[in-house]
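Next comes upload.pdb, with PDB, C-alpha atoms.
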ATOM      1  CA  MET A   1      52.877  -2.297 -13.327
ATOM      2  CA  LYS A   2      51.251  -5.516 -12.166
ATOM      3  CA  LYS A   3      49.772  -3.721  -9.135
ATOM      4  CA  ILE A   4      48.367  -0.961 -11.358
ATOM      5  CA  CYS A   5      46.694  -3.551 -13.597
ATOM      6  CA  LEU A   6      45.169  -5.273 -10.581
ATOM      7  CA  ILE A   7      43.857  -1.946  -9.287
ATOM      8  CA  LEU A   8      42.319  -1.122 -12.685
ATOM      9  CA  ILE A   9      40.688  -4.550 -12.857
ATOM     10  CA  GLY A  10      39.340  -4.078  -9.344
ATOM     11  CA  LEU A  11      37.898  -0.650 -10.178
ATOM     12  CA  THR A  12      36.324  -2.023 -13.349
ATOM     13  CA  GLY A  13      34.694  -4.841 -11.378
ATOM     14  CA  LEU A  14      33.394  -2.362  -8.782
ATOM     15  CA  LEU A  15      31.847  -0.207 -11.511
ATOM     16  CA  LEU A  16      30.157  -3.261 -13.009
ATOM     17  CA  VAL A  17      28.700  -4.212  -9.607
ATOM     18  CA  LEU A  18      27.471  -0.680  -9.007
ATOM     19  CA  SER A  19      25.924  -0.576 -12.477
ATOM     20  CA  ALA A  20      24.137  -3.864 -11.847
ATOM     21  CA  ALA A  21      22.829  -2.550  -8.514
ATOM     22  CA  LEU A  22      21.485   0.553 -10.216
ATOM     23  CA  VAL A  23      19.722  -1.599 -12.799
ATOM     24  CA  PHE A  24      18.058  -3.551  -9.976
ATOM     25  CA  MET A  25      16.845  -0.340  -8.324
ATOM     26  CA  HIS A  26      15.760   1.680 -11.319
ATOM     27  CA  ASN A  27      15.300   1.115 -15.007
ATOM     28  CA  GLY A  28      17.097   4.281 -15.982
ATOM     29  CA  VAL A  29      16.699   8.044 -16.107
ATOM     30  CA  ALA A  30      15.261   9.604 -19.202
ATOM     31  CA  THR A  31      15.056  13.154 -20.487
ATOM     32  CA  GLY A  32      12.133  15.278 -21.613
ATOM     33  CA  GLU A  33       8.634  15.550 -20.173
ATOM     34  CA  LYS A  34       7.752  12.403 -18.318
ATOM     35  CA  VAL A  35       4.927  10.560 -16.608
ATOM     36  CA  ALA A  36       6.155   8.354 -13.777
ATOM     37  CA  VAL A  37       4.417   5.096 -12.881
ATOM     38  CA  VAL A  38       4.574   3.978  -9.244
ATOM     39  CA  ARG A  39       3.321   0.450  -8.596
ATOM     40  CA  VAL A  40       1.636  -0.760  -5.411
ATOM     41  CA  GLU A  41       1.160  -4.503  -5.825
ATOM     42  CA  GLY A  42       0.243  -7.186  -3.320
ATOM     43  CA  THR A  43      -0.421  -6.782   0.384
ATOM     44  CA  ILE A  44       0.616  -3.415   1.814
ATOM     45  CA  ILE A  45       2.987  -4.275   4.652
ATOM     46  CA  ASP A  46       5.546  -1.481   4.293
ATOM     47  CA  SER A  47       5.329   2.068   2.942
ATOM     48  CA  LYS A  48       8.972   3.094   2.549
ATOM     49  CA  ASN A  49       9.593   2.104  -1.083
ATOM     50  CA  VAL A  50       6.389   3.706  -2.349
ATOM     51  CA  ILE A  51       6.980   6.890  -0.339
ATOM     52  CA  ASP A  52      10.572   7.146  -1.562
ATOM     53  CA  GLU A  53       9.431   6.785  -5.184
ATOM     54  CA  LEU A  54       6.706   9.402  -4.800
ATOM     55  CA  LYS A  55       9.062  11.883  -3.159
ATOM     56  CA  GLY A  56      11.685  11.330  -5.843
ATOM     57  CA  TYR A  57       9.253  11.961  -8.667
ATOM     58  CA  VAL A  58       7.795  15.035  -6.972
ATOM     59  CA  ARG A  59      11.309  16.502  -6.772
ATOM     60  CA  ASP A  60      12.112  15.611 -10.391
ATOM     61  CA  ALA A  61      11.231  18.643 -12.524
ATOM     62  CA  ALA A  62      11.127  16.510 -15.679
ATOM     63  CA  VAL A  63       8.304  14.379 -14.226
ATOM     64  CA  LYS A  64       5.116  16.298 -14.904
ATOM     65  CA  ALA A  65       2.618  13.767 -13.531
ATOM     66  CA  ILE A  66       2.483  10.518 -11.567
ATOM     67  CA  VAL A  67       0.380   7.432 -12.207
ATOM     68  CA  LEU A  68      -0.166   5.249  -9.151
ATOM     69  CA  ARG A  69      -0.864   1.723 -10.383
ATOM     70  CA  VAL A  70      -2.716  -0.049  -7.567
ATOM     71  CA  ASP A  71      -3.235  -3.805  -7.650
ATOM     72  CA  SER A  72      -3.644  -4.585  -3.961
ATOM     73  CA  PRO A  73      -6.242  -6.050  -1.584
ATOM     74  CA  GLY A  74      -5.009  -3.675   1.134
ATOM     75  CA  GLY A  75      -2.876  -4.405   4.153
ATOM     76  CA  GLY A  76      -1.659  -2.872   7.394
ATOM     77  CA  VAL A  77      -3.393   0.213   8.765
ATOM     78  CA  ALA A  78      -0.275   2.293   9.457
ATOM     79  CA  PRO A  79       1.517   1.781   6.087
ATOM     80  CA  SER A  80      -1.752   2.443   4.242
ATOM     81  CA  GLN A  81      -2.179   5.706   6.145
ATOM     82  CA  GLU A  82       1.431   6.683   5.459
ATOM     83  CA  ILE A  83       1.080   6.103   1.709
ATOM     84  CA  TYR A  84      -2.253   7.971   1.720
ATOM     85  CA  GLU A  85      -0.547  10.993   3.277
ATOM     86  CA  GLU A  86       2.258  10.944   0.706
ATOM     87  CA  VAL A  87      -0.198  10.633  -2.204
ATOM     88  CA  ARG A  88      -2.097  13.592  -0.753
ATOM     89  CA  LYS A  89       1.095  15.671  -0.586
ATOM     90  CA  ALA A  90       2.139  14.643  -4.100
ATOM     91  CA  SER A  91      -1.249  15.516  -5.603
ATOM     92  CA  ALA A  92      -0.944  19.016  -4.109
ATOM     93  CA  GLN A  93       2.158  19.585  -6.275
ATOM     94  CA  LYS A  94       1.603  17.426  -9.359
ATOM     95  CA  LYS A  95      -1.237  15.576 -11.016
ATOM     96  CA  VAL A  96      -1.569  12.086  -9.548
ATOM     97  CA  VAL A  97      -3.779   9.635 -11.432
ATOM     98  CA  VAL A  98      -4.624   6.237  -9.964
ATOM     99  CA  SER A  99      -4.931   3.263 -12.295
ATOM    100  CA  MET A 100      -6.702   0.358 -10.603
ATOM    101  CA  GLY A 101      -5.801  -3.153 -11.698
ATOM    102  CA  SER A 102      -7.586  -6.382 -10.787
ATOM    103  CA  ILE A 103      -8.158  -5.288  -7.194
ATOM    104  CA  ALA A 104      -7.794  -2.015  -5.298
ATOM    105  CA  ALA A 105      -9.843  -2.728  -2.210
ATOM    106  CA  SER A 106      -9.742  -1.653   1.434
ATOM    107  CA  GLY A 107      -6.216  -0.261   1.992
ATOM    108  CA  GLY A 108      -5.790  -0.327  -1.785
ATOM    109  CA  TYR A 109      -8.718   2.063  -2.075
ATOM    110  CA  TYR A 110      -7.584   4.066   0.956
ATOM    111  CA  ILE A 111      -4.267   5.031  -0.693
ATOM    112  CA  SER A 112      -6.069   5.831  -3.958
ATOM    113  CA  SER A 113      -8.633   8.236  -2.558
ATOM    114  CA  PRO A 114      -6.546  11.449  -2.358
ATOM    115  CA  ALA A 115      -5.368  11.247  -5.981
ATOM    116  CA  THR A 116      -6.285  13.886  -8.556
ATOM    117  CA  ARG A 117      -8.241  11.303 -10.545
ATOM    118  CA  ILE A 118      -9.079   7.610 -10.145
ATOM    119  CA  ILE A 119      -9.475   5.326 -13.162
ATOM    120  CA  ALA A 120     -10.668   1.734 -12.726
ATOM    121  CA  ASN A 121     -11.307  -1.136 -15.096
ATOM    122  CA  PRO A 122     -14.997  -2.087 -15.336
ATOM    123  CA  GLY A 123     -14.243  -5.368 -13.544
ATOM    124  CA  THR A 124     -11.844  -4.008 -10.924
ATOM    125  CA  ILE A 125     -12.735  -5.101  -7.376
ATOM    126  CA  THR A 126     -12.634  -2.025  -5.163
ATOM    127  CA  GLY A 127     -14.286  -0.461  -2.122
ATOM    128  CA  SER A 128     -14.295  -2.703   0.968
ATOM    129  CA  ILE A 129     -14.070   0.364   3.194
ATOM    130  CA  GLY A 130     -13.677  -1.223   6.606
ATOM    131  CA  VAL A 131     -11.238  -2.581   9.172
ATOM    132  CA  ILE A 132     -10.668  -6.170  10.209
ATOM    133  CA  MET A 133      -8.732  -7.909  12.981
ATOM    134  CA  GLU A 134      -8.395 -11.689  12.825
ATOM    135  CA  ILE A 135      -7.297 -13.547  15.968
ATOM    136  CA  PRO A 136      -6.751 -17.320  15.790
ATOM    137  CA  ASN A 137      -7.897 -19.388  18.766
ATOM    138  CA  ILE A 138      -5.912 -22.603  19.237
ATOM    139  CA  GLN A 139      -7.087 -23.320  22.775
ATOM    140  CA  GLY A 140      -9.115 -26.371  21.727
ATOM    141  CA  LEU A 141      -6.150 -27.888  19.886
ATOM    142  CA  LEU A 142      -3.829 -27.349  22.839
ATOM    143  CA  ASN A 143      -6.329 -28.961  25.198
ATOM    144  CA  LYS A 144      -6.398 -32.070  22.990
ATOM    145  CA  VAL A 145      -2.636 -32.482  23.090
ATOM    146  CA  GLY A 146      -2.366 -31.586  26.780
ATOM    147  CA  VAL A 147      -0.516 -28.279  26.422
ATOM    148  CA  LYS A 148      -1.228 -25.380  28.787
ATOM    149  CA  THR A 149       0.097 -21.818  28.840
ATOM    150  CA  GLU A 150       0.954 -19.935  31.995
ATOM    151  CA  VAL A 151       0.587 -16.140  31.823
ATOM    152  CA  ILE A 152       2.234 -13.605  34.122
ATOM    153  CA  LYS A 153       1.136 -10.038  33.439
ATOM    154  CA  SER A 154       1.172  -6.592  35.025
ATOM    155  CA  GLY A 155      -2.099  -5.352  33.526
ATOM    156  CA  ARG A 156      -5.496  -6.974  33.355
ATOM    157  CA  HIS A 157      -5.699  -6.680  29.568
ATOM    158  CA  LYS A 158      -1.999  -7.167  28.749
ATOM    159  CA  ASP A 159      -2.640 -10.581  27.142
ATOM    160  CA  MET A 160      -5.651  -9.355  25.195
ATOM    161  CA  ALA A 161      -5.904 -11.000  21.759
ATOM    162  CA  SER A 162      -3.944 -14.034  22.916
ATOM    163  CA  VAL A 163      -4.218 -16.962  20.507
ATOM    164  CA  PHE A 164      -4.193 -19.377  23.457
ATOM    165  CA  ARG A 165      -7.712 -18.555  24.666
ATOM    166  CA  GLY A 166     -10.948 -16.944  23.560
ATOM    167  CA  ILE A 167     -11.891 -13.262  23.791
ATOM    168  CA  GLY A 168     -13.886 -12.139  26.810
ATOM    169  CA  ARG A 169     -16.845  -9.759  26.602
ATOM    170  CA  GLU A 170     -14.944  -6.796  28.071
ATOM    171  CA  GLU A 171     -11.977  -7.388  25.770
ATOM    172  CA  ARG A 172     -14.257  -7.631  22.755
ATOM    173  CA  LEU A 173     -15.797  -4.251  23.615
ATOM    174  CA  ILE A 174     -12.347  -2.659  23.935
ATOM    175  CA  MET A 175     -11.173  -3.998  20.587
ATOM    176  CA  GLN A 176     -14.461  -3.100  18.894
ATOM    177  CA  LYS A 177     -14.062   0.516  20.031
ATOM    178  CA  VAL A 178     -10.538   0.612  18.612
ATOM    179  CA  LEU A 179     -11.685  -0.791  15.267
ATOM    180  CA  ASP A 180     -14.644   1.607  15.156
ATOM    181  CA  ASP A 181     -12.279   4.536  15.714
ATOM    182  CA  VAL A 182      -9.918   3.382  12.944
ATOM    183  CA  HIS A 183     -12.921   2.791  10.674
ATOM    184  CA  GLU A 184     -14.026   6.366  11.286
ATOM    185  CA  GLN A 185     -10.523   7.541  10.343
ATOM    186  CA  PHE A 186     -10.880   5.590   7.093
ATOM    187  CA  ILE A 187     -14.241   7.219   6.330
ATOM    188  CA  LYS A 188     -12.880  10.700   7.067
ATOM    189  CA  ALA A 189      -9.823  10.119   4.872
ATOM    190  CA  VAL A 190     -11.929   8.969   1.914
ATOM    191  CA  ALA A 191     -14.329  11.891   2.368
ATOM    192  CA  GLU A 192     -11.447  14.371   2.340
ATOM    193  CA  GLY A 193      -9.638  12.674  -0.534
ATOM    194  CA  ARG A 194     -12.723  12.345  -2.718
ATOM    195  CA  LYS A 195     -14.273  15.644  -1.577
ATOM    196  CA  MET A 196     -17.409  13.842  -0.447
ATOM    197  CA  LEU A 197     -19.590  14.299   2.618
ATOM    198  CA  PRO A 198     -18.633  11.904   5.430
ATOM    199  CA  ASP A 199     -22.257  10.719   5.703
ATOM    200  CA  ASP A 200     -22.276   9.836   1.996
ATOM    201  CA  VAL A 201     -19.050   7.841   2.414
ATOM    202  CA  ARG A 202     -20.401   6.181   5.549
ATOM    203  CA  LYS A 203     -23.315   4.753   3.555
ATOM    204  CA  LEU A 204     -20.773   2.923   1.367
ATOM    205  CA  SER A 205     -18.475   1.913   4.231
ATOM    206  CA  ASP A 206     -19.924  -1.334   5.545
ATOM    207  CA  GLY A 207     -17.103  -3.395   4.036
ATOM    208  CA  ARG A 208     -18.926  -4.179   0.792
ATOM    209  CA  ILE A 209     -17.004  -4.450  -2.461
ATOM    210  CA  PHE A 210     -17.837  -2.803  -5.785
ATOM    211  CA  SER A 211     -16.971  -3.535  -9.372
ATOM    212  CA  GLY A 212     -15.255  -0.680 -11.175
ATOM    213  CA  ARG A 213     -18.496   0.155 -12.935
ATOM    214  CA  GLN A 214     -20.457   0.150  -9.667
ATOM    215  CA  ALA A 215     -17.774   2.301  -8.032
ATOM    216  CA  LEU A 216     -18.164   4.834 -10.835
ATOM    217  CA  ASP A 217     -21.894   5.060 -10.171
ATOM    218  CA  ALA A 218     -21.219   5.420  -6.432
ATOM    219  CA  GLY A 219     -18.707   8.230  -6.946
ATOM    220  CA  LEU A 220     -15.724   6.248  -5.664
ATOM    221  CA  VAL A 221     -13.877   6.469  -9.007
ATOM    222  CA  ASP A 222     -13.921   9.073 -11.778
ATOM    223  CA  GLU A 223     -13.857   7.052 -14.977
ATOM    224  CA  LEU A 224     -13.303   3.631 -16.496
ATOM    225  CA  GLY A 225     -10.148   2.697 -18.361
ATOM    226  CA  ASN A 226      -6.843   0.842 -18.254
ATOM    227  CA  LEU A 227      -3.269   1.785 -17.414
ATOM    228  CA  GLU A 228      -2.652   3.346 -20.825
ATOM    229  CA  ASP A 229      -5.745   5.505 -20.395
ATOM    230  CA  ALA A 230      -4.458   6.624 -17.008
ATOM    231  CA  ILE A 231      -1.069   7.587 -18.493
ATOM    232  CA  LYS A 232      -2.744   9.591 -21.253
ATOM    233  CA  THR A 233      -5.048  11.285 -18.743
ATOM    234  CA  ALA A 234      -2.088  12.174 -16.519
ATOM    235  CA  ALA A 235      -0.251  13.647 -19.523
ATOM    236  CA  THR A 236      -3.271  15.694 -20.597
ATOM    237  CA  LEU A 237      -3.956  17.003 -17.080
ATOM    238  CA  SER A 238      -0.319  18.078 -16.692
ATOM    239  CA  GLY A 239      -0.170  19.801 -20.086
ATOM    240  CA  ILE A 240       2.168  17.382 -21.868
ATOM    241  CA  LYS A 241       1.867  17.676 -25.644
ATOM    242  CA  GLY A 242       1.994  14.444 -27.598
ATOM    243  CA  GLU A 243       3.114  11.055 -26.300
ATOM    244  CA  PRO A 244       4.690  11.271 -22.836
ATOM    245  CA  GLU A 245       7.844   9.456 -21.867
ATOM    246  CA  VAL A 246       7.010   6.868 -19.191
ATOM    247  CA  VAL A 247       9.479   6.111 -16.395
ATOM    248  CA  THR A 248       9.092   3.559 -13.656
ATOM    249  CA  GLY A 249      11.140   2.275 -10.759
ATOM    250  CA  GLU A 250      11.006  -1.499 -11.083
ATOM    251  CA  LYS A 251      10.933  -3.384  -7.776
ATOM    252  CA  LYS A 252      13.273  -6.276  -8.437
ATOM    253  CA  PHE A 253      14.743  -8.688  -5.916
ATOM    254  CA  SER A 254      18.371  -7.879  -5.138
ATOM    255  CA  ILE A 255      20.954 -10.101  -3.486
ATOM    256  CA  LEU A 256      22.064  -6.934  -1.644
ATOM    257  CA  ASN A 257      18.644  -6.669   0.016
ATOM    258  CA  LEU A 258      18.854 -10.312   1.061
ATOM    259  CA  LEU A 259      22.231  -9.688   2.690
ATOM    260  CA  ARG A 260      20.683  -6.719   4.529
ATOM    261  CA  GLY A 261      17.909  -8.940   5.843
ATOM    262  CA  LYS A 262      15.183  -7.490   3.590
ATOM    263  CA  LEU A 263      12.894 -10.247   2.345
ATOM    264  CA  PRO A 264      10.610 -10.067  -0.704
ATOM    265  CA  ASP A 265       6.943  -9.332   0.094
ATOM    266  CA  GLU A 266       5.993 -12.860  -0.966
ATOM    267  CA  VAL A 267       8.214 -14.288   1.781
ATOM    268  CA  SER A 268       7.201 -11.725   4.420
ATOM    269  CA  ASP A 269       3.523 -12.492   3.803
ATOM    270  CA  LEU A 270       4.115 -16.053   5.004
ATOM    271  CA  PHE A 271       4.746 -14.745   8.508
ATOM    272  CA  PRO A 272       1.798 -12.459   9.365
ATOM    273  CA  SER A 273       1.191 -11.042  12.829
ATOM    274  CA  VAL A 274      -2.075 -10.259  14.578
ATOM    275  CA  LYS A 275      -2.891  -6.635  13.783
ATOM    276  CA  MET A 276      -5.572  -4.370  12.389
ATOM    277  CA  LYS A 277      -5.710  -4.379   8.630
ATOM    278  CA  TYR A 278      -7.394  -2.452   5.856
ATOM    279  CA  ILE A 279      -7.706  -5.561   3.729
ATOM    280  CA  PHE A 280     -10.304  -7.164   1.522
ATOM    281  CA  ALA A 281     -11.028 -10.519   3.144
ATOM    282  CA  PRO A 282     -13.352 -12.666   0.994
TER     283      PRO A 282
END

Rendering of file as structure tokens:
Amino acid sequence: MKKICLILIGLTGLLLVLSAALVFMHNGVATGEKVAVVRVEGTIIDSKNVIDELKGYVRDAAVKAIVLRVDSPGGGVAPSQEIYEEVRKASAQKKVVVSMGSIAASGGYYISSPATRIIANPGTITGSIGVIMEIPNIQGLLNKVGVKTEVIKSGRHKDMASVFRGIGREERLIMQKVLDDVHEQFIKAVAEGRKMLPDDVRKLSDGRIFSGRQALDAGLVDELGNLEDAIKTAATLSGIKGEPEVVTGEKKFSILNLLRGKLPDEVSDLFPSVKMKYIFAP
């Protein structure tokens, strides 16, 4: 009898742990016609969570539309492109409305462009269609403290973008060509997402930023409004009658993620690496 009681207590504890884990991952499943809100906040360094949310809501028949709440200065090229592709796929099956917060620039605008509709606040900072690569040069500091680096390499350009020396003319040309190519990919993606001519996008793609109101005039967004306006627009476009039920997957820090070696974005951002970024850099 004592063993049975211990087993029951153990099972009860396990259920409580599992319930807590589910609360960390999602704020619950509701019934009826829904509008799902997917949040992209902070620097874009990984695409998995956003892609998983989008796929889940596309599969959910009760979710009639998706609102992508973007409050991001951009981030890595590859994760921005991956989220863009998933937003494009989602908008082919359901209405996807972007709600821009304080900032949706560079990669933040990139992932927004294929949505069904883009709504920005009048003071939202957006645009910044461009690519940047920042390479520190600590050679002068090392010379002052008497530290030298010895490089052994199998290719002439294998140590290109080293922080221990400057960039040579030939290396600069190579990297400029790479950035120009990625920039052209950005322009093409925006043109396809916004159904604009590439030449018209190119005129706006010198890295400049726009306010939400300026972006509306330039054709980069469709209307001005806040998150609530975006939810109502998504409901109307998807044919929901009355007030929609709003569901959202909250991204909360979990001790389980820490044990798996997954750090919060705020911690990961403290350890950046040298790479191309779609990011607004004031």

Using only C-alpha atoms, pick whichever of A:Ala234, A:Leu224, A:Ala65, A:Ala115 has the shortest atom-to-atom distance to Arg194 of chain A.
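Of A:Ala234, A:Leu224, A:Ala65, A:Ala115, the one nearest Arg194 of chain A is A:Ala115, counting only C-alpha atoms.
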
On this structure, which residues satisfy the PyMOL selection byres ((chain A and resi 157) around 12), written as a ChimeraX atom specification?
/A:151-156,158-162,167-175

Selection dump of the PyMOL selection byres ((chain A and resi 101) around 12), as a PDB file with C-alpha atoms, in the coordinates of the input:
ATOM      1  CA  ARG A  39       3.321   0.450  -8.596  1.00  0.00           C
ATOM      2  CA  VAL A  40       1.636  -0.760  -5.411  1.00  0.00           C
ATOM      3  CA  GLU A  41       1.160  -4.503  -5.825  1.00  0.00           C
ATOM      4  CA  GLY A  42       0.243  -7.186  -3.320  1.00  0.00           C
ATOM      5  CA  LEU A  68      -0.166   5.249  -9.151  1.00  0.00           C
ATOM      6  CA  ARG A  69      -0.864   1.723 -10.383  1.00  0.00           C
ATOM      7  CA  VAL A  70      -2.716  -0.049  -7.567  1.00  0.00           C
ATOM      8  CA  ASP A  71      -3.235  -3.805  -7.650  1.00  0.00           C
ATOM      9  CA  SER A  72      -3.644  -4.585  -3.961  1.00  0.00           C
ATOM     10  CA  PRO A  73      -6.242  -6.050  -1.584  1.00  0.00           C
ATOM     11  CA  VAL A  98      -4.624   6.237  -9.964  1.00  0.00           C
ATOM     12  CA  SER A  99      -4.931   3.263 -12.295  1.00  0.00           C
ATOM     13  CA  MET A 100      -6.702   0.358 -10.603  1.00  0.00           C
ATOM     14  CA  SER A 102      -7.586  -6.382 -10.787  1.00  0.00           C
ATOM     15  CA  ILE A 103      -8.158  -5.288  -7.194  1.00  0.00           C
ATOM     16  CA  ALA A 104      -7.794  -2.015  -5.298  1.00  0.00           C
ATOM     17  CA  ALA A 105      -9.843  -2.728  -2.210  1.00  0.00           C
ATOM     18  CA  GLY A 108      -5.790  -0.327  -1.785  1.00  0.00           C
ATOM     19  CA  TYR A 109      -8.718   2.063  -2.075  1.00  0.00           C
ATOM     20  CA  SER A 112      -6.069   5.831  -3.958  1.00  0.00           C
ATOM     21  CA  ILE A 118      -9.079   7.610 -10.145  1.00  0.00           C
ATOM     22  CA  ILE A 119      -9.475   5.326 -13.162  1.00  0.00           C
ATOM     23  CA  ALA A 120     -10.668   1.734 -12.726  1.00  0.00           C
ATOM     24  CA  ASN A 121     -11.307  -1.136 -15.096  1.00  0.00           C
ATOM     25  CA  PRO A 122     -14.997  -2.087 -15.336  1.00  0.00           C
ATOM     26  CA  GLY A 123     -14.243  -5.368 -13.544  1.00  0.00           C
ATOM     27  CA  THR A 124     -11.844  -4.008 -10.924  1.00  0.00           C
ATOM     28  CA  ILE A 125     -12.735  -5.101  -7.376  1.00  0.00           C
ATOM     29  CA  THR A 126     -12.634  -2.025  -5.163  1.00  0.00           C
ATOM     30  CA  SER A 211     -16.971  -3.535  -9.372  1.00  0.00           C
ATOM     31  CA  GLY A 212     -15.255  -0.680 -11.175  1.00  0.00           C
ATOM     32  CA  LEU A 224     -13.303   3.631 -16.496  1.00  0.00           C
ATOM     33  CA  GLY A 225     -10.148   2.697 -18.361  1.00  0.00           C
ATOM     34  CA  ASN A 226      -6.843   0.842 -18.254  1.00  0.00           C
ATOM     35  CA  LEU A 227      -3.269   1.785 -17.414  1.00  0.00           C
ATOM     36  CA  GLU A 228      -2.652   3.346 -20.825  1.00  0.00           C
ATOM     37  CA  ALA A 230      -4.458   6.624 -17.008  1.00  0.00           C
TER      38      ALA A 230
END

Which is closer to Ala215 of chain A than all the others in A:Gly166, A:Gly127, A:Gly249, A:Gly146, using only C-alpha atoms?
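Comparing A:Gly166, A:Gly127, A:Gly249, A:Gly146 against Ala215 of chain A, the winner is A:Gly127.
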
Convert the output of the PyMOL selection byres ((chain A and resi 52) around 12) on the shown file into explicit residues, formatted as a list in words.
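Taken over the shown coordinates, the PyMOL selection byres ((chain A and resi 52) around 12) returns Met25, Val38, Asp46, Ser47, Lys48, Asn49, Val50, Ile51, Glu53, Leu54, Lys55, Gly56, Tyr57, Val58, Arg59, Glu82, Ile83, Glu86, Val87, Ala90 and Gly249 of chain A.
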
Write the residues of the preceding selection, restricted to C-alpha atoms, as a short mmCIF file (atom, residue, chain, number, x, y, z; two decimals), keeping the file's coordinate frame.
data_model
loop_
_atom_site.label_atom_id
_atom_site.label_comp_id
_atom_site.auth_asym_id
_atom_site.auth_seq_id
_atom_site.Cartn_x
_atom_site.Cartn_y
_atom_site.Cartn_z
CA MET A 25 16.84 -0.34 -8.32
CA VAL A 38 4.57 3.98 -9.24
CA ASP A 46 5.55 -1.48 4.29
CA SER A 47 5.33 2.07 2.94
CA LYS A 48 8.97 3.09 2.55
CA ASN A 49 9.59 2.10 -1.08
CA VAL A 50 6.39 3.71 -2.35
CA ILE A 51 6.98 6.89 -0.34
CA GLU A 53 9.43 6.78 -5.18
CA LEU A 54 6.71 9.40 -4.80
CA LYS A 55 9.06 11.88 -3.16
CA GLY A 56 11.68 11.33 -5.84
CA TYR A 57 9.25 11.96 -8.67
CA VAL A 58 7.80 15.04 -6.97
CA ARG A 59 11.31 16.50 -6.77
CA GLU A 82 1.43 6.68 5.46
CA ILE A 83 1.08 6.10 1.71
CA GLU A 86 2.26 10.94 0.71
CA VAL A 87 -0.20 10.63 -2.20
CA ALA A 90 2.14 14.64 -4.10
CA GLY A 249 11.14 2.28 -10.76
#

Separation of atom CA of Lys89 of chain A from atom CA of Glu33 of chain A in Å:
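One can read the atom CA of Glu33 of chain A to atom CA of Lys89 of chain A distance as 21.0 Å.
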
Show which residues sit within 9 Å of Lys95 of chain A, as a list in words. Count only C-alpha atoms, and ignore same-chain residues fewer than 3 positions away.
Lys64, Ala65, Ile66, Val67, Ala90, Ser91, Ala92, Ala115, Thr116, Arg117, Ala234, Ala235, Leu237 and Ser238 of chain A

Rounded to one decimal place, report the atom CA of Asp199 of chain A-atom CA of Ile129 of chain A distance in Å.
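Going from atom CA of Asp199 of chain A over to atom CA of Ile129 of chain A, I get 13.4 Å.
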
Could you tell me how far atom CA of Leu197 of chain A lies from atom CA of Ile44 of chain A, in Å and to one decimal?
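These atoms are spaced 26.9 Å apart.
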